[in-house]
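S.K.: Here it is: the structure, laid out below.
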Amino acid sequence: MNQAFGYNNINLPVIKSSSSLQEIIFEWKNEGLRIGFVPTMGALHEGHLSLVKLSLENAHRCIVSIFVNPSQFAPNEDFNSYPRDIQGDLYKLQSSGAHLVYTPDENEIYPDGIQTGIMPGKEAQGLETDFRPNFFNGVVNVVYRLFEHIKPDIAIFGEKDFQQLQVISEMVKDLDLDIEILGAPIIRDKYGLAMSSRNTYLSSEELVIARRLNKIIYKTAQNISDGMTVEKAINDAKVLLLEANFDKIDYVEERWNKLITAVWVGKTRLIDNC
Ligand code: AMP
């Protein structure tokens with residue numbers, strides 16, 4: 001049936017409408033199966049697949065959503081050029097053992113636009129919000145709607161987006177949603193660069209620069225554990241980042257006992273933490 005949508009060699013159910021999704025989920029719940037959920041924006045890499053693996057270890061069924069959420073992009077950001085590769089994603093998800101892929105379109109998620117919405121809580125203050133003021137608004141609203149459609153028992157989020165993980169955990173607690181949130185460790189390439197769909201934007205020269213980021217933040221974290229003040233360690237880190245040819249530093253900060261950073265290489269924004 002999926003062939004009708006133009007996907008080759010995919011046996012995995014790919015569902016576009018929330019009503020069809022409800023029917024399948026209803027059956028699974030009747031059978032007493034625990035449902036795990038991995039929300040993504042597609043252009044999948046090993047980081048995403050590690051979330052699927054963690055979901056499969058903790059629930060009987062794994063649903064992955066692929067939805068490039070317009071409401072979390074600012075007008076000057078890369079919504080239109082964001083990498084999209086649905087056929088490649090479905091291959092990867094099929095091999096990873098996921099049970100169902102939910103690919104709603106915008107009408108399914110926002111039938112009337114965003115009229116009634118929710119607001120992110122205090123964990124959203126600072127860091128990303130200082131540079132992308134509406135980002136977490138977009139994130140909590142789309143995740144809340146996806147949670148409503150899927151009603152998962154567990155949902156998996158990557159620690160790469162560490163502030164996002166905190167914002168979602170806070171949302172689930174504040175709204176008393178009966179969903180367990182699991183964080184998954186950052187998956188890196190062999191040079192330590194945190195995998196990201198946006199890494200495909202990097203030229204080979206930019207990739208060399210990007211791969212210095214993890215070394216600098218690990219060194220900074222080491223300096224702090226060796227007794228350097230956080231302020232001095234972070235100032236040193238900023239100097240090292242500029243020397244390493246990063247074009248712009250949005251932030252390097254300590255929060256939740258982590259060192260969290262967002263920097264630019266050319267037109268590509270990288271985030272990382274350790
Ligand atoms: P995205 O498709 O970029 O919205 O990411 C979907 C989910 O995958 C989020 O929970 C991310 O934190 C997670 N994720 C993205 N990259 C990585 C990575 N390198 N390691 C672990 N999780 C990741």
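A note on labels: chains of the structure tokens are A, B, ... as shown, every chain counts residues from 1, and ligands are counted from 1 in their shown order.
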Quick one: residues within 9 Å of ligand 1, with only C-alpha atoms and all ligand atoms, as an MDAnalysis selection string?

M.R.: chainID A and resid 38:51 66:69 156:162 164:165 183:189 193:198 272

S.K.: Show which residues sit within 9 Å of A:Ile63, as a count of residues only. Count only C-alpha atoms, and ignore same-chain residues fewer than 5 positions away.

M.R.: 14

S.K.: Need the shell around A:Pro104: protein/DNA/RNA residues with any atom at most 7 Å away, counting only C-alpha atoms. Skip same-chain ones fewer than 3 positions apart. Format as a PyMOL selection string?

M.R.: chain A and resi 16-17+67+108-109

S.K.: Could you check how far atom CA of A:Arg212 sits from atom CA of A:Tyr251, in Å to one decimal?

M.R.: 16.1 Å

S.K.: Which one of A:Tyr144, A:Glu170, A:Tyr110, A:Ala155 sits closest to A:Lys122 if you count only C-alpha atoms?

M.R.: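 Result for the nearest residue to A:Lys122: A:Glu170.
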
S.K.: Please give the complete set of residues from stretch 46-237 of chain A that DSSP, run on the backbone, assigns to strand (DSSP E or B), formatted as a list in words.

M.R.: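 So the strand (DSSP E or B) residues in stretch 46-237 of chain A would be Arg61, Cys62, Ile63, Val64, Ser65, Ile66, Leu100, Val101, Tyr102, Pro111, Gly113, Ile154, Ala155, Ile156, Phe157, Gly158, Glu180, Ile181, Leu182, Gly183, Ala184, Arg188 and Ala194 of chain A.
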
S.K.: I need the residues from that last selection saved to file as an mmCIF file, in the first residue's frame (with C-alpha atoms), if you can.

M.R.:
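So selection_5.cif came out as:
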data_model
loop_
_atom_site.group_PDB
_atom_site.id
_atom_site.type_symbol
_atom_site.label_atom_id
_atom_site.label_comp_id
_atom_site.auth_asym_id
_atom_site.auth_seq_id
_atom_site.Cartn_x
_atom_site.Cartn_y
_atom_site.Cartn_z
ATOM 1 C CA ARG A 61 6.142 -0.643 19.645
ATOM 2 C CA CYS A 62 8.154 2.278 18.282
ATOM 3 C CA ILE A 63 6.449 5.083 16.368
ATOM 4 C CA VAL A 64 8.685 7.644 14.664
ATOM 5 C CA SER A 65 7.237 10.923 13.426
ATOM 6 C CA ILE A 66 8.783 12.889 10.584
ATOM 7 C CA LEU A 100 5.329 2.736 12.204
ATOM 8 C CA VAL A 101 6.194 6.117 10.726
ATOM 9 C CA TYR A 102 3.847 9.051 11.179
ATOM 10 C CA PRO A 111 -5.892 22.252 11.297
ATOM 11 C CA GLY A 113 -3.171 27.240 12.442
ATOM 12 C CA ILE A 154 7.382 6.790 26.630
ATOM 13 C CA ALA A 155 8.983 9.402 24.373
ATOM 14 C CA ILE A 156 12.675 9.680 23.564
ATOM 15 C CA PHE A 157 14.624 12.916 23.080
ATOM 16 C CA GLY A 158 18.329 13.374 22.378
ATOM 17 C CA GLU A 180 7.821 8.961 30.569
ATOM 18 C CA ILE A 181 10.543 11.056 28.921
ATOM 19 C CA LEU A 182 13.868 9.346 28.252
ATOM 20 C CA GLY A 183 17.047 11.202 27.260
ATOM 21 C CA ALA A 184 19.431 9.528 24.809
ATOM 22 C CA ARG A 188 29.087 11.704 17.401
ATOM 23 C CA ALA A 194 27.726 15.661 17.263
#

S.K.: Point out the residue among A:Phe26, A:Trp256, A:Phe136, A:Tyr218 with the least atom-to-atom distance to A:Gly192, counting only C-alpha atoms.

M.R.: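 Ranked by minimum distance to A:Gly192, first place goes to A:Tyr218.
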
S.K.: Looking only at the backbone, which of the residues in stretch 31-207 of chain A does DSSP tag as helix (DSSP H, G or I), as a ChimeraX atom specification?

M.R.: /A:46-58,70-72,86-96,106-109,122-124,128-131,135-150,159-174,197-201,204-207

S.K.: Find, counting only C-alpha atoms, the residue in A:Tyr201, A:Lys53, A:Ile118, A:Val230 that gets nearest to A:Arg269.

M.R.: A:Tyr201

S.K.: Work out how far apart atom CA of A:Arg255 and atom CA of A:Val143 are and give it in Å to one decimal.

M.R.: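 Between these atoms lies a distance of 23.4 Å.
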
S.K.: Would you compute the distance between atom CA of A:Glu123 and atom CA of A:Asp174? Give it in Å to one decimal.

M.R.: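 Atom CA of A:Asp174 lies at a distance of 11.7 Å from atom CA of A:Glu123.
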
S.K.: Pick out the closest residue to A:Gly88 from this set: A:Trp264, A:Ile209, A:Ile10, A:Tyr191. Count only C-alpha atoms.

M.R.: A:Ile10

S.K.: Rank A:Ile216, A:Gly266, A:Leu93, A:Ile260 by their smallest atom-to-atom distance to A:Ser203, using only C-alpha atoms, and report the top residue only.

M.R.: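 Smallest distance to A:Ser203 is found for A:Gly266.
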
S.K.: Of the residues A:Glu31, A:Ile224, A:Thr129, A:Ser20, which is the one nearest to A:His149, using only C-alpha atoms?

M.R.: A:Ser20
